[in-house]
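A.B. asks: The following file, start.tsv, comprises TSV, C-alpha atoms and all ligand atoms:
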chain	number	residue	atom	x	y	z
A	1	MET	CA	199.15	175.35	66.96
A	2	THR	CA	201.01	173.57	69.72
A	3	GLU	CA	199.17	172.76	72.88
A	4	PRO	CA	200.67	175.37	75.24
A	5	SER	CA	199.84	178.20	72.86
A	6	LEU	CA	196.24	177.04	72.31
A	7	HIS	CA	196.07	176.93	76.07
A	8	SER	CA	197.24	180.49	76.50
A	9	VAL	CA	195.08	181.85	73.65
A	10	LEU	CA	191.97	180.35	75.24
A	11	ARG	CA	192.94	181.53	78.71
A	12	THR	CA	193.39	185.07	77.39
A	13	ARG	CA	190.01	184.97	75.61
A	14	LEU	CA	188.20	183.67	78.69
A	15	HIS	CA	189.84	186.39	80.74
A	16	ALA	CA	188.69	189.05	78.25
A	17	VAL	CA	185.11	187.74	78.32
A	18	GLU	CA	185.20	187.71	82.13
A	19	GLU	CA	186.34	191.35	82.11
A	20	ARG	CA	183.45	192.28	79.81
A	21	LEU	CA	181.03	190.35	82.07
A	22	ALA	CA	182.35	192.10	85.15
A	23	ALA	CA	182.07	195.54	83.53
A	24	ALA	CA	178.48	194.87	82.39
A	25	CYS	CA	177.54	193.64	85.88
A	26	ARG	CA	179.01	196.79	87.42
A	27	ARG	CA	177.06	199.03	85.04
A	28	ALA	CA	173.85	197.11	85.74
A	29	GLY	CA	174.41	197.00	89.51
A	30	ARG	CA	174.35	193.20	89.41
A	31	SER	CA	176.62	190.55	90.81
A	32	ARG	CA	178.68	188.30	88.51
A	33	ALA	CA	177.35	185.35	90.52
A	34	GLU	CA	173.86	185.97	89.10
A	35	ILE	CA	175.06	185.20	85.57
A	36	THR	CA	175.93	181.82	84.11
A	37	LEU	CA	178.41	181.89	81.24
A	38	VAL	CA	177.69	179.10	78.77
A	39	ALA	CA	180.72	178.52	76.57
A	40	VAL	CA	179.32	177.55	73.17
A	41	THR	CA	181.61	174.88	71.76
A	42	LYS	CA	179.95	174.36	68.37
A	43	THR	CA	183.01	175.60	66.46
A	44	ALA	CA	185.53	174.31	69.01
A	45	SER	CA	187.52	171.09	69.00
A	46	VAL	CA	187.18	168.66	71.88
A	47	GLU	CA	190.68	169.72	72.89
A	48	ALA	CA	189.70	173.39	73.07
A	49	ALA	CA	186.52	172.56	74.99
A	50	ALA	CA	188.60	170.53	77.47
A	51	ILE	CA	190.92	173.49	78.02
A	52	MET	CA	187.98	175.84	78.72
A	53	LEU	CA	186.66	173.31	81.19
A	54	GLU	CA	190.04	173.20	82.91
A	55	GLN	CA	189.93	177.00	83.17
A	56	GLY	CA	186.68	176.71	85.10
A	57	ALA	CA	184.10	177.17	82.32
A	58	ILE	CA	182.02	174.11	83.22
A	59	ASP	CA	178.82	175.12	81.43
A	60	LEU	CA	179.18	174.14	77.78
A	61	GLY	CA	176.59	174.57	75.03
A	62	GLU	CA	175.99	172.93	71.67
A	63	ASN	CA	173.34	173.72	69.08
A	64	ARG	CA	173.39	170.32	67.36
A	65	PRO	CA	172.45	167.19	69.30
A	66	GLN	CA	174.92	164.90	67.50
A	67	GLU	CA	177.79	167.23	68.30
A	68	LEU	CA	176.71	167.41	71.93
A	69	TRP	CA	176.63	163.60	72.12
A	70	ARG	CA	180.06	163.36	70.49
A	71	LYS	CA	181.70	165.78	72.89
A	72	ALA	CA	179.84	164.52	75.95
A	73	ALA	CA	181.17	161.02	75.25
A	74	VAL	CA	184.79	162.15	75.61
A	75	LEU	CA	184.73	165.11	78.01
A	76	PRO	CA	184.56	164.63	81.79
A	77	ALA	CA	181.16	164.16	83.42
A	78	THR	CA	181.71	167.42	85.34
A	79	VAL	CA	180.53	169.37	82.28
A	80	ARG	CA	177.08	170.88	82.60
A	81	TRP	CA	175.72	170.51	79.06
A	82	HIS	CA	173.27	173.01	77.60
A	83	MET	CA	171.28	172.18	74.48
A	84	ILE	CA	170.84	175.55	72.78
A	85	GLY	CA	169.68	174.68	69.25
A	86	HIS	CA	166.68	173.09	67.58
A	87	LEU	CA	166.03	169.62	68.99
A	88	GLN	CA	164.33	167.17	66.65
A	89	ARG	CA	162.01	164.76	68.40
A	90	ASN	CA	163.97	161.70	67.26
A	91	LYS	CA	167.05	163.09	69.06
A	92	ILE	CA	165.35	163.54	72.43
A	93	GLU	CA	165.97	160.08	73.83
A	94	ARG	CA	169.78	160.30	73.64
A	95	THR	CA	169.96	163.95	74.57
A	96	LEU	CA	167.90	163.99	77.77
A	97	PRO	CA	170.25	162.04	80.03
A	98	LEU	CA	173.17	164.29	79.05
A	99	VAL	CA	171.86	167.82	79.55
A	100	CYS	CA	171.25	170.08	82.53
A	101	LEU	CA	169.12	172.58	80.58
A	102	ILE	CA	167.40	172.65	77.20
A	103	HIS	CA	167.21	176.31	76.09
A	104	SER	CA	165.42	175.76	72.84
A	105	VAL	CA	161.91	174.40	73.36
A	106	ASP	CA	160.20	175.91	70.35
A	107	SER	CA	156.85	174.14	69.92
A	108	PRO	CA	154.01	172.56	71.93
A	109	ARG	CA	154.80	169.25	70.21
A	110	LEU	CA	158.37	169.30	71.47
A	111	LEU	CA	157.18	170.15	74.96
A	112	GLU	CA	154.79	167.15	74.91
A	113	ALA	CA	157.50	164.85	73.53
A	114	LEU	CA	159.94	165.96	76.26
A	115	GLU	CA	157.30	165.31	78.92
A	116	GLN	CA	156.67	161.82	77.55
A	117	GLU	CA	160.31	160.90	77.26
A	118	SER	CA	161.29	162.22	80.69
A	119	THR	CA	158.42	160.21	82.17
A	120	ARG	CA	159.61	157.11	80.32
A	121	GLN	CA	163.26	157.55	81.34
A	122	GLU	CA	162.37	158.14	84.98
A	123	LEU	CA	165.04	160.84	85.23
A	124	GLN	CA	166.32	161.49	88.77
A	125	THR	CA	165.52	165.18	88.55
A	126	PRO	CA	162.82	167.01	86.62
A	127	LEU	CA	163.86	168.11	83.15
A	128	ALA	CA	164.68	171.84	83.16
A	129	VAL	CA	163.81	173.72	79.99
A	130	LEU	CA	163.51	177.24	78.63
A	131	LEU	CA	160.97	178.31	76.03
A	132	GLU	CA	162.58	179.90	72.99
A	133	VAL	CA	160.94	183.13	71.92
A	134	ASN	CA	161.29	184.51	68.42
A	135	ALA	CA	161.10	188.09	69.57
A	136	SER	CA	162.95	189.51	66.58
A	137	ARG	CA	160.22	187.91	64.42
A	138	GLU	CA	162.61	186.61	61.82
A	139	ALA	CA	160.94	183.96	59.70
A	140	SER	CA	164.16	181.93	59.63
A	141	LYS	CA	164.20	181.47	63.40
A	142	HIS	CA	162.65	178.86	65.61
A	143	GLY	CA	160.69	179.81	68.67
A	144	PHE	CA	157.30	180.84	69.94
A	145	ALA	CA	155.86	184.12	68.76
A	146	PRO	CA	155.38	186.40	71.77
A	147	THR	CA	151.61	186.23	71.20
A	148	ASP	CA	151.68	182.39	71.46
A	149	LEU	CA	152.94	182.38	75.04
A	150	PRO	CA	149.65	183.00	76.90
A	151	ASP	CA	148.06	179.98	75.15
A	152	LEU	CA	150.76	177.77	76.67
A	153	VAL	CA	149.72	178.38	80.26
A	154	PRO	CA	147.23	175.46	80.52
A	155	ARG	CA	149.72	173.11	78.84
A	156	LEU	CA	152.44	174.08	81.28
A	157	ALA	CA	150.12	173.43	84.21
A	158	ALA	CA	149.66	169.84	82.98
A	159	LEU	CA	153.40	169.00	82.89
A	160	LYS	CA	154.70	166.66	85.56
A	161	HIS	CA	158.30	165.96	84.61
A	162	VAL	CA	159.31	169.02	82.68
A	163	GLN	CA	159.93	172.26	84.54
A	164	VAL	CA	160.00	175.55	82.70
A	165	LYS	CA	162.74	177.75	84.11
A	166	GLY	CA	162.45	180.77	81.86
A	167	LEU	CA	162.80	182.08	78.33
A	168	MET	CA	165.55	182.12	75.73
A	169	THR	CA	165.97	184.36	72.74
A	170	MET	CA	168.38	185.19	69.96
A	171	ALA	CA	168.40	188.82	68.91
A	172	ALA	CA	168.73	189.72	65.25
A	173	PRO	CA	172.45	190.09	64.55
A	174	ASP	CA	173.55	193.67	64.09
A	175	GLU	CA	176.77	195.62	64.16
A	176	ASP	CA	175.43	197.73	66.97
A	177	PRO	CA	174.41	195.74	70.06
A	178	GLU	CA	172.20	198.62	71.16
A	179	TYR	CA	169.87	197.53	68.38
A	180	CYS	CA	169.19	194.33	70.40
A	181	ARG	CA	168.16	196.15	73.56
A	182	PRO	CA	164.42	196.41	72.74
A	183	THR	CA	164.31	192.67	71.95
A	184	PHE	CA	165.94	191.78	75.26
A	185	ALA	CA	163.68	194.17	77.17
A	186	GLU	CA	160.61	192.69	75.51
A	187	VAL	CA	161.63	189.12	76.37
A	188	ARG	CA	162.17	190.13	79.96
A	189	LEU	CA	158.62	191.54	80.11
A	190	LEU	CA	157.25	188.39	78.48
A	191	ARG	CA	159.07	186.33	81.11
A	192	ASP	CA	157.69	188.47	83.95
A	193	ARG	CA	154.16	188.17	82.60
A	194	LEU	CA	154.29	184.41	81.95
A	195	GLY	CA	155.96	183.92	85.33
A	196	ARG	CA	152.96	185.47	87.05
A	197	GLU	CA	150.58	183.17	85.19
A	198	VAL	CA	152.25	179.81	85.78
A	199	GLY	CA	152.60	178.29	89.22
A	200	PRO	CA	155.00	175.79	90.79
A	201	PRO	CA	156.86	173.65	89.94
A	202	HIS	CA	157.63	176.06	87.12
A	203	SER	CA	159.58	179.15	88.09
A	204	LEU	CA	160.70	181.49	85.40
A	205	GLU	CA	163.87	182.81	87.00
A	206	HIS	CA	166.04	182.48	83.89
A	207	LEU	CA	166.57	184.63	80.83
A	208	SER	CA	169.02	183.10	78.37
A	209	MET	CA	169.99	185.94	76.07
A	210	GLY	CA	173.16	187.56	74.81
A	211	MET	CA	175.94	186.18	72.59
A	212	SER	CA	179.50	187.31	71.82
A	213	GLY	CA	178.46	190.60	70.24
A	214	ASP	CA	175.66	191.66	72.55
A	215	PHE	CA	175.93	190.00	75.95
A	216	GLU	CA	176.65	193.23	77.84
A	217	VAL	CA	173.37	194.74	76.67
A	218	ALA	CA	171.59	191.48	77.54
A	219	ILE	CA	173.00	191.61	81.08
A	220	GLU	CA	171.85	195.19	81.45
A	221	GLU	CA	168.38	194.00	80.42
A	222	GLY	CA	168.30	191.14	82.93
A	223	ALA	CA	169.94	188.08	81.31
A	224	THR	CA	170.84	185.34	83.81
A	225	ILE	CA	172.51	183.12	81.21
A	226	VAL	CA	174.70	184.31	78.34
A	227	ARG	CA	175.77	182.00	75.51
A	228	VAL	CA	179.20	182.92	74.19
A	229	GLY	CA	180.94	181.13	71.34
A	230	SER	CA	183.17	183.11	68.99
A	231	ALA	CA	184.55	185.49	71.65
A	232	LEU	CA	185.91	182.41	73.45
A	233	PHE	CA	186.86	180.05	70.66
A	234	GLY	CA	187.34	182.31	67.63
A	235	ILE	CA	185.58	181.43	64.41
B	301	LIG	C1	176.35	179.85	68.15
B	301	LIG	C2	175.33	180.22	69.13
B	301	LIG	C3	175.65	181.13	70.16
B	301	LIG	C4	177.01	181.80	70.30
B	301	LIG	O1	177.16	182.76	69.31
B	301	LIG	P1	178.50	183.66	69.25
B	301	LIG	O2	178.05	184.84	68.49
B	301	LIG	O3	179.51	182.84	68.56
B	301	LIG	O4	178.87	183.97	70.64
B	301	LIG	C5	174.65	181.43	71.08
B	301	LIG	N1	173.43	180.87	71.00
B	301	LIG	C6	173.09	180.00	70.03
B	301	LIG	C7	171.72	179.42	70.01
B	301	LIG	C8	174.03	179.65	69.07
B	301	LIG	O5	173.69	178.77	68.09
Is it possible to give me this structure as structure tokens?
Ligand SMILES: *Cc1c(COP(=O)(O)O)cnc(C)c1O

C.D. replies:
Amino acid sequence: MTEPSLHSVLRTRLHAVEERLAAACRRAGRSRAEITLVAVTKTASVEAAAIMLEQGAIDLGENRPQELWRKAAVLPATVRWHMIGHLQRNKIERTLPLVCLIHSVDSPRLLEALEQESTRQELQTPLAVLLEVNASREASKHGFAPTDLPDLVPRLAALKHVQVKGLMTMAAPDEDPEYCRPTFAEVRLLRDRLGREVGPPHSLEHLSMGMSGDFEVAIEEGATIVRVGSALFGI
């Protein structure tokens, strides 16, 4: 594909996603400004990611740390990088300085390791994270079981450099996005409940949920961040 046509394909896809976002916001009585679109670049070339960025999609997400490092090294520093996949503890050191939000904190050990490393690196701003919830209860998925969340409250109170900003979930894939609605609604309730139990500096304003196939339903159920890959970049 020559560059101008890749350019126009991606522009058309972004426009289509924006139309879907706008329609979902209208149905939910919400404003588009409440929702952050994270363009998931895991299947995209650096060139394609750069074009999205040029079109104004400045929040980019990767699910593998090495791929995030590789793209971050060559794309402009204006990108707001989101780490959305499992983060091994030996990858924390290089990842922390690059990201604006880690969506995928999935264990108490990872939370402790992030606290230690952000203390050691003396980051300018607190490290913002989301707790990943395995609400669809699939054994293959990372994340806290909904019933594990209350036990985290004392641990969260002890954190000094890591700030929990909300919850993230991946719904079980299904042809019919309506099937995901109960999962999204449950995660919203879990967020509301946990948010009442933890005090500042944590503030659980974010719900990262919804992907290419189901983001409209997620928005109707309160998502503040949607993570969209294939609808933007193809597969
Ligand atoms: C790949 C990925 C997405 C995007 O999925 P699409 O269905 O391609 O939009 C969202 N979240 C996570 C954690 C992912 O790994």

A.B. asks: Counting only C-alpha atoms, what is within 12 Å of Val129 of chain A, bar same-chain residues fewer than 3 positions away, as a PyMOL selection string?

C.D. replies: chain A and resi 82-84+87+96+99-106+110-111+114-115+118+126+132+156+159+161-168+202-208

A.B. asks: How many Å separate atom CA of Gly213 of chain A from atom P1 of ligand LIG 301 (chain B)?

C.D. replies: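 Pair atom CA of Gly213 of chain A / atom P1 of ligand LIG 301 (chain B) returns 7.0 Å.
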
A.B. asks: Can you build me a table of chain A residues sitting at most 12 Å from ligand LIG 301 (chain B), with the closest atom pair per residue and its distance in Å to one decimal, using all atoms listed in the file, sorted by chain and residue number, as a Markdown table?

C.D. replies:
| residue | atom | partner | partner_atom | distance |
| --- | --- | --- | --- | --- |
| A:Val17 | CA | B:LIG301 | O4 | 10.6 |
| A:Leu37 | CA | B:LIG301 | O4 | 10.8 |
| A:Val38 | CA | B:LIG301 | C5 | 8.6 |
| A:Ala39 | CA | B:LIG301 | C4 | 8.0 |
| A:Val40 | CA | B:LIG301 | C4 | 5.6 |
| A:Thr41 | CA | B:LIG301 | C1 | 8.1 |
| A:Lys42 | CA | B:LIG301 | C1 | 6.6 |
| A:Thr43 | CA | B:LIG301 | C1 | 8.1 |
| A:Ala44 | CA | B:LIG301 | O3 | 10.5 |
| A:Leu60 | CA | B:LIG301 | C5 | 10.9 |
| A:Gly61 | CA | B:LIG301 | N1 | 8.1 |
| A:Glu62 | CA | B:LIG301 | O5 | 7.2 |
| A:Asn63 | CA | B:LIG301 | O5 | 5.2 |
| A:Arg64 | CA | B:LIG301 | O5 | 8.5 |
| A:Pro65 | CA | B:LIG301 | O5 | 11.7 |
| A:His82 | CA | B:LIG301 | C7 | 10.1 |
| A:Met83 | CA | B:LIG301 | C7 | 8.5 |
| A:Ile84 | CA | B:LIG301 | C7 | 4.8 |
| A:Gly85 | CA | B:LIG301 | C7 | 5.2 |
| A:His86 | CA | B:LIG301 | C7 | 8.4 |
| A:Leu87 | CA | B:LIG301 | C7 | 11.4 |
| A:Ile102 | CA | B:LIG301 | C7 | 10.8 |
| A:His103 | CA | B:LIG301 | C7 | 8.2 |
| A:Ser104 | CA | B:LIG301 | C7 | 7.8 |
| A:Val105 | CA | B:LIG301 | C7 | 11.5 |
| A:Glu132 | CA | B:LIG301 | C7 | 9.6 |
| A:Val133 | CA | B:LIG301 | C7 | 11.6 |
| A:Asn134 | CA | B:LIG301 | C7 | 11.7 |
| A:Lys141 | CA | B:LIG301 | C7 | 10.2 |
| A:His142 | CA | B:LIG301 | C7 | 10.1 |
| A:Gly143 | CA | B:LIG301 | C7 | 11.1 |
| A:Met168 | CA | B:LIG301 | C7 | 8.8 |
| A:Thr169 | CA | B:LIG301 | C7 | 8.1 |
| A:Met170 | CA | B:LIG301 | C7 | 6.7 |
| A:Ala171 | CA | B:LIG301 | N1 | 9.6 |
| A:Ala172 | CA | B:LIG301 | O2 | 11.0 |
| A:Pro173 | CA | B:LIG301 | O2 | 8.6 |
| A:Asp174 | CA | B:LIG301 | O2 | 10.8 |
| A:Glu175 | CA | B:LIG301 | O2 | 11.7 |
| A:Pro177 | CA | B:LIG301 | O2 | 11.6 |
| A:Ser208 | CA | B:LIG301 | N1 | 8.9 |
| A:Met209 | CA | B:LIG301 | N1 | 8.0 |
| A:Gly210 | CA | B:LIG301 | C5 | 7.3 |
| A:Met211 | CA | B:LIG301 | O4 | 4.2 |
| A:Ser212 | CA | B:LIG301 | O4 | 3.6 |
| A:Gly213 | CA | B:LIG301 | O2 | 6.0 |
| A:Asp214 | CA | B:LIG301 | O2 | 8.3 |
| A:Phe215 | CA | B:LIG301 | O4 | 8.6 |
| A:Glu216 | CA | B:LIG301 | O4 | 11.9 |
| A:Ile225 | CA | B:LIG301 | C5 | 10.5 |
| A:Val226 | CA | B:LIG301 | C5 | 7.8 |
| A:Arg227 | CA | B:LIG301 | C5 | 4.6 |
| A:Val228 | CA | B:LIG301 | O4 | 3.7 |
| A:Gly229 | CA | B:LIG301 | O3 | 3.6 |
| A:Ser230 | CA | B:LIG301 | O3 | 3.7 |
| A:Ala231 | CA | B:LIG301 | O4 | 6.0 |
| A:Leu232 | CA | B:LIG301 | O4 | 7.7 |
| A:Phe233 | CA | B:LIG301 | O3 | 8.1 |
| A:Gly234 | CA | B:LIG301 | O3 | 7.9 |
| A:Ile235 | CA | B:LIG301 | O3 | 7.5 |

A.B. asks: Can you tell me how far atom CA of Tyr179 of chain A sits from atom CA of Leu130 of chain A, in Å to one decimal?

C.D. replies: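 Atom CA of Leu130 of chain A lies 23.6 Å from atom CA of Tyr179 of chain A.
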
A.B. asks: Pick out the residues sitting within 12 Å of Ala33 of chain A, and hand them over as a VMD selection string; count all atoms listed in the file, and ignore anything fewer than 3 positions along from it in its own chain.

C.D. replies: chain A and resid 18 21 to 22 25 to 26 30 36 to 37 224 to 225

A.B. asks: As an exercise, work out the distance from atom CA of Leu131 of chain A to atom CA of Ala72 of chain A in Å and give it to one decimal place.

C.D. replies: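 Interatomic distance here is 23.4 Å.
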
A.B. asks: What would the list of residues within 12 Å of (189.4, 169.5, 73.4) (file frame) look like as a short mmCIF file (atom, residue, chain, number, x, y, z; two decimals) with C-alpha atoms, in the frame of the given file, if only C-alpha atoms are what count?

C.D. replies:
data_model
loop_
_atom_site.label_atom_id
_atom_site.label_comp_id
_atom_site.auth_asym_id
_atom_site.auth_seq_id
_atom_site.Cartn_x
_atom_site.Cartn_y
_atom_site.Cartn_z
CA GLU A 3 199.17 172.76 72.88
CA LEU A 6 196.24 177.04 72.31
CA HIS A 7 196.07 176.93 76.07
CA LEU A 10 191.97 180.35 75.24
CA THR A 41 181.61 174.88 71.76
CA LYS A 42 179.95 174.36 68.37
CA THR A 43 183.01 175.60 66.46
CA ALA A 44 185.53 174.31 69.01
CA SER A 45 187.52 171.09 69.00
CA VAL A 46 187.18 168.66 71.88
CA GLU A 47 190.68 169.72 72.89
CA ALA A 48 189.70 173.39 73.07
CA ALA A 49 186.52 172.56 74.99
CA ALA A 50 188.60 170.53 77.47
CA ILE A 51 190.92 173.49 78.02
CA MET A 52 187.98 175.84 78.72
CA LEU A 53 186.66 173.31 81.19
CA GLU A 54 190.04 173.20 82.91
CA ARG A 70 180.06 163.36 70.49
CA LYS A 71 181.70 165.78 72.89
CA ALA A 72 179.84 164.52 75.95
CA ALA A 73 181.17 161.02 75.25
CA VAL A 74 184.79 162.15 75.61
CA LEU A 75 184.73 165.11 78.01
CA PRO A 76 184.56 164.63 81.79
CA PHE A 233 186.86 180.05 70.66
#

A.B. asks: Let me make sure I understand: among A:Arg188, A:Arg27, A:Arg32, A:Arg120, which one has the smallest atom-to-atom distance to Ile92 of chain A if we use all atoms listed in the file?

C.D. replies: A:Arg120

A.B. asks: When distances are computed from only C-alpha atoms, which of A:Lys160, A:Ala139, A:Ala145, A:Leu194 shows the smallest separation from Gln116 of chain A?

C.D. replies: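 With only C-alpha atoms as the atom set, the closest residue is A:Lys160.
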
A.B. asks: Could you write out as JSON the box around segment 8-24 of chain A (axis-aligned, all atoms listed in the file, 8 Å on each side), with centre and edge lengths in Å to one decimal?

C.D. replies:
{"center_x": 187.9, "center_y": 187.9, "center_z": 79.4, "size_x": 34.8, "size_y": 31.2, "size_z": 27.5}

A.B. asks: Please complete segment 202-222 of chain A with N, CA and C atoms and give it back as a compact mmCIF listing (two decimals), in the coordinates of the input.

C.D. replies:
# COMPACT_ATOMS: atom_id res chain seq x y z
N HIS A 202 156.91 175.17 88.03
CA HIS A 202 157.63 176.06 87.12
C HIS A 202 158.05 177.30 87.89
N SER A 203 159.22 177.85 87.52
CA SER A 203 159.58 179.15 88.09
C SER A 203 160.49 179.81 87.06
N LEU A 204 160.03 180.92 86.58
CA LEU A 204 160.70 181.49 85.40
C LEU A 204 161.80 182.47 85.81
N GLU A 205 162.80 181.92 86.52
CA GLU A 205 163.87 182.81 87.00
C GLU A 205 164.91 183.11 85.92
N HIS A 206 164.93 182.31 84.83
CA HIS A 206 166.04 182.48 83.89
C HIS A 206 165.67 183.19 82.59
N LEU A 207 166.64 183.97 82.13
CA LEU A 207 166.57 184.63 80.83
C LEU A 207 167.87 184.32 80.13
N SER A 208 167.81 183.45 79.12
CA SER A 208 169.02 183.10 78.37
C SER A 208 169.07 183.99 77.14
N MET A 209 169.89 185.01 77.21
CA MET A 209 169.99 185.94 76.07
C MET A 209 171.34 186.65 76.11
N GLY A 210 171.84 186.94 74.92
CA GLY A 210 173.16 187.56 74.81
C GLY A 210 174.17 186.57 74.27
N MET A 211 174.89 186.99 73.20
CA MET A 211 175.94 186.18 72.59
C MET A 211 177.20 187.05 72.53
N SER A 212 178.21 186.59 71.79
CA SER A 212 179.50 187.31 71.82
C SER A 212 179.37 188.81 71.59
N GLY A 213 178.51 189.20 70.64
CA GLY A 213 178.46 190.60 70.24
C GLY A 213 177.56 191.47 71.10
N ASP A 214 176.69 190.85 71.89
CA ASP A 214 175.66 191.66 72.55
C ASP A 214 175.39 191.27 74.00
N PHE A 215 176.29 190.49 74.62
CA PHE A 215 175.93 190.00 75.95
C PHE A 215 175.91 191.09 77.03
N GLU A 216 176.69 192.15 76.83
CA GLU A 216 176.65 193.23 77.84
C GLU A 216 175.27 193.87 77.91
N VAL A 217 174.71 194.13 76.73
CA VAL A 217 173.37 194.74 76.67
C VAL A 217 172.35 193.78 77.29
N ALA A 218 172.51 192.48 76.99
CA ALA A 218 171.59 191.48 77.54
C ALA A 218 171.65 191.48 79.07
N ILE A 219 172.85 191.59 79.61
CA ILE A 219 173.00 191.61 81.08
C ILE A 219 172.34 192.85 81.66
N GLU A 220 172.52 193.97 80.98
CA GLU A 220 171.85 195.19 81.45
C GLU A 220 170.34 195.05 81.42
N GLU A 221 169.83 194.19 80.52
CA GLU A 221 168.38 194.00 80.42
C GLU A 221 167.89 192.78 81.20
N GLY A 222 168.77 192.18 82.00
CA GLY A 222 168.30 191.14 82.93
C GLY A 222 168.68 189.70 82.62
